[in-house]
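Written below as structure tokens is the structure these notes are about.
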Amino acid sequence: AEQEAGDARHHQPTMGAGVRPGKAGARRMTDARTGGRCLVDQFVANGVERVFCVPGESYLAVLDALYDTPAVGLTVARHEGGAAMMAEAHGKLTGRPGVCFVTRGPGATNAASGVHVAQQDATPLIVLVGQVARRQRDRGAFQDLDISGLYGGMAKWTAEVDDPDRLPELFARAVATATSGRPGPVALALPEDVLTAHTESPDVRAAPMQPPAPA
């Protein structure tokens with residue numbers, strides 16, 4: 001259900017379809033954390049147990065948080081195409097979204113083959129792309145790339161997180177979208193300054209999806 005925003009210190013994002021707040025008390029609004037820490041907390045809240053990646057400087061805040069989170073394993077690949085294929089296979093085998101993290105520019109283009117396989121095989125896959133800082137978008141910054149334009153023809157849904165307060169909401173929506181109806185890939189672009197900024201938003205879990213009934 002739609003929720004109204006409070007004041008600046010108690011902002012609660014509007015929830016899209018398929019998302020719901022985490023358990024009461026799991027994360028209080030007063031617990032400020034970086035966007036990278038917040039995103040990794042969403043992995044835990046939504047049952048993500050392993051992430052596949054090629055490390056990149058555009059999401060160091062996430063890598064720092066993963067280092068401190070033993071509940072989420074990290075598999076490092078030598079090529080983004082390999083990381084995307086491993087995440088796609090993980091999603092295919094488990095029925096839960098495989099999560100792949102790549103950096104911008106060539107990292108995102110290298111992962112496109114995995115996105116295509118997930119679309120063809122109806123595999124739940126979430127591709128997270130480290131992006132240039134918000135103030136550098138569309139100004140010819142190094143490796144700046146339109147992620148929605150790149151993946152739009154293959155992914156079920158793409159978005160760029162423009163506010164750290166929306167990280168829990170949009171990751172939960174990514175999980176819900178990847179697993180609902182005909183499963184498939186989704187992509188989220190994550191500007192570097194969103195991941196280093198602080199947020200007080202609570203954790204959000206994707207609502208459980210019912211498998212489609214036989215025709």
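To be explicit about the labels: the chains of the structure tokens are called A, B, and onward in the order shown, and within each one the residues are counted from 1, while ligands get numbers from 1 in the order they are shown.
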
Lys92 of chain A surroundings by only C-alpha atoms, 9 Å radius, close-in-sequence under 6 positions cut, as a PDB file with N, CA, C and O atoms, in the first residue's frame:
```pdb
ATOM      1  N   GLY A  98      19.416 -14.832  -8.589  1.00  0.00           N
ATOM      2  CA  GLY A  98      20.864 -14.749  -8.549  1.00  0.00           C
ATOM      3  C   GLY A  98      21.256 -13.285  -8.594  1.00  0.00           C
ATOM      4  O   GLY A  98      20.628 -12.487  -9.300  1.00  0.00           O
ATOM      5  N   ALA A 118      19.162 -15.136 -18.990  1.00  0.00           N
ATOM      6  CA  ALA A 118      18.106 -15.110 -17.978  1.00  0.00           C
ATOM      7  C   ALA A 118      16.756 -14.767 -18.594  1.00  0.00           C
ATOM      8  O   ALA A 118      15.720 -15.318 -18.211  1.00  0.00           O
ATOM      9  N   ASP A 121      15.595 -17.903 -20.645  1.00  0.00           N
ATOM     10  CA  ASP A 121      15.286 -19.085 -19.840  1.00  0.00           C
ATOM     11  C   ASP A 121      14.374 -18.799 -18.653  1.00  0.00           C
ATOM     12  O   ASP A 121      14.153 -19.669 -17.811  1.00  0.00           O
ATOM     13  N   ALA A 122      13.862 -17.564 -18.555  1.00  0.00           N
ATOM     14  CA  ALA A 122      12.961 -17.181 -17.457  1.00  0.00           C
ATOM     15  C   ALA A 122      13.608 -17.444 -16.098  1.00  0.00           C
ATOM     16  O   ALA A 122      13.026 -18.076 -15.224  1.00  0.00           O
ATOM     17  N   THR A 123      14.827 -16.948 -15.932  1.00  0.00           N
ATOM     18  CA  THR A 123      15.580 -17.123 -14.687  1.00  0.00           C
ATOM     19  C   THR A 123      15.555 -15.830 -13.879  1.00  0.00           C
ATOM     20  O   THR A 123      15.845 -14.765 -14.424  1.00  0.00           O
ATOM     21  N   PRO A 124      15.246 -15.896 -12.589  1.00  0.00           N
ATOM     22  CA  PRO A 124      15.308 -14.678 -11.768  1.00  0.00           C
ATOM     23  C   PRO A 124      16.762 -14.236 -11.571  1.00  0.00           C
ATOM     24  O   PRO A 124      17.586 -14.998 -11.072  1.00  0.00           O
ATOM     25  N   LEU A 125      17.066 -13.028 -11.979  1.00  0.00           N
ATOM     26  CA  LEU A 125      18.433 -12.494 -11.930  1.00  0.00           C
ATOM     27  C   LEU A 125      18.370 -11.008 -11.620  1.00  0.00           C
ATOM     28  O   LEU A 125      17.549 -10.285 -12.185  1.00  0.00           O
TER      29      LEU A 125
END
```

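Non-sequential neighbours of Val117 of chain A (distance at most 10 Å, separation of 5 or more positions within a chain, only C-alpha atoms) are Ala84, Met85, Glu88, Ala89, Ala112, Ala122, Thr123, Leu125, Met154, Gly184 and Pro185 of chain A.
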
Put those residues in a file: N, CA and C atoms, as a short mmCIF file (atom, residue, chain, number, x, y, z; two decimals), in the first residue's frame.
```cif
data_model
loop_
_atom_site.label_atom_id
_atom_site.label_comp_id
_atom_site.auth_asym_id
_atom_site.auth_seq_id
_atom_site.Cartn_x
_atom_site.Cartn_y
_atom_site.Cartn_z
N ALA A 84 27.97 -12.98 -14.39
CA ALA A 84 26.55 -12.96 -14.73
C ALA A 84 26.04 -14.38 -15.00
N MET A 85 26.83 -15.20 -15.68
CA MET A 85 26.42 -16.57 -15.97
C MET A 85 26.34 -17.40 -14.68
N GLU A 88 23.20 -16.33 -12.96
CA GLU A 88 22.05 -16.88 -13.68
C GLU A 88 21.87 -18.35 -13.34
N ALA A 89 22.95 -19.11 -13.29
CA ALA A 89 22.87 -20.52 -12.94
C ALA A 89 22.39 -20.70 -11.51
N ALA A 112 26.02 -8.44 -20.21
CA ALA A 112 24.79 -8.48 -20.99
C ALA A 112 24.43 -9.90 -21.45
N ALA A 122 13.86 -17.56 -18.56
CA ALA A 122 12.96 -17.18 -17.46
C ALA A 122 13.61 -17.44 -16.10
N THR A 123 14.83 -16.95 -15.93
CA THR A 123 15.58 -17.12 -14.69
C THR A 123 15.56 -15.83 -13.88
N LEU A 125 17.07 -13.03 -11.98
CA LEU A 125 18.43 -12.49 -11.93
C LEU A 125 18.37 -11.01 -11.62
N MET A 154 16.03 -6.44 -22.82
CA MET A 154 16.16 -7.80 -22.29
C MET A 154 15.60 -7.95 -20.89
N GLY A 184 12.53 -13.46 -14.54
CA GLY A 184 13.46 -12.90 -15.51
C GLY A 184 14.44 -11.94 -14.86
N PRO A 185 15.27 -11.29 -15.67
CA PRO A 185 16.30 -10.40 -15.13
C PRO A 185 15.80 -8.98 -14.90
#
```

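With atom CA of Tyr67 of chain A on one side and atom CA of Arg37 of chain A on the other, the separation reads 10.4 Å.
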
Do a neighbour search on Asn110 of chain A at 6 Å with only C-alpha atoms, toss out local chain neighbours closer than 3 positions, and write the hits as a ChimeraX atom specification.
-> /A:80-81,106-107

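Nearest residue to Ala87 of chain A, choosing from A:Leu66, A:Leu145, A:Val72, A:Val115 and counting only C-alpha atoms: A:Val115.
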
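Straight-line separation from atom CA of Ala45 of chain A to atom CA of Ser180 of chain A: 18.0 Å.
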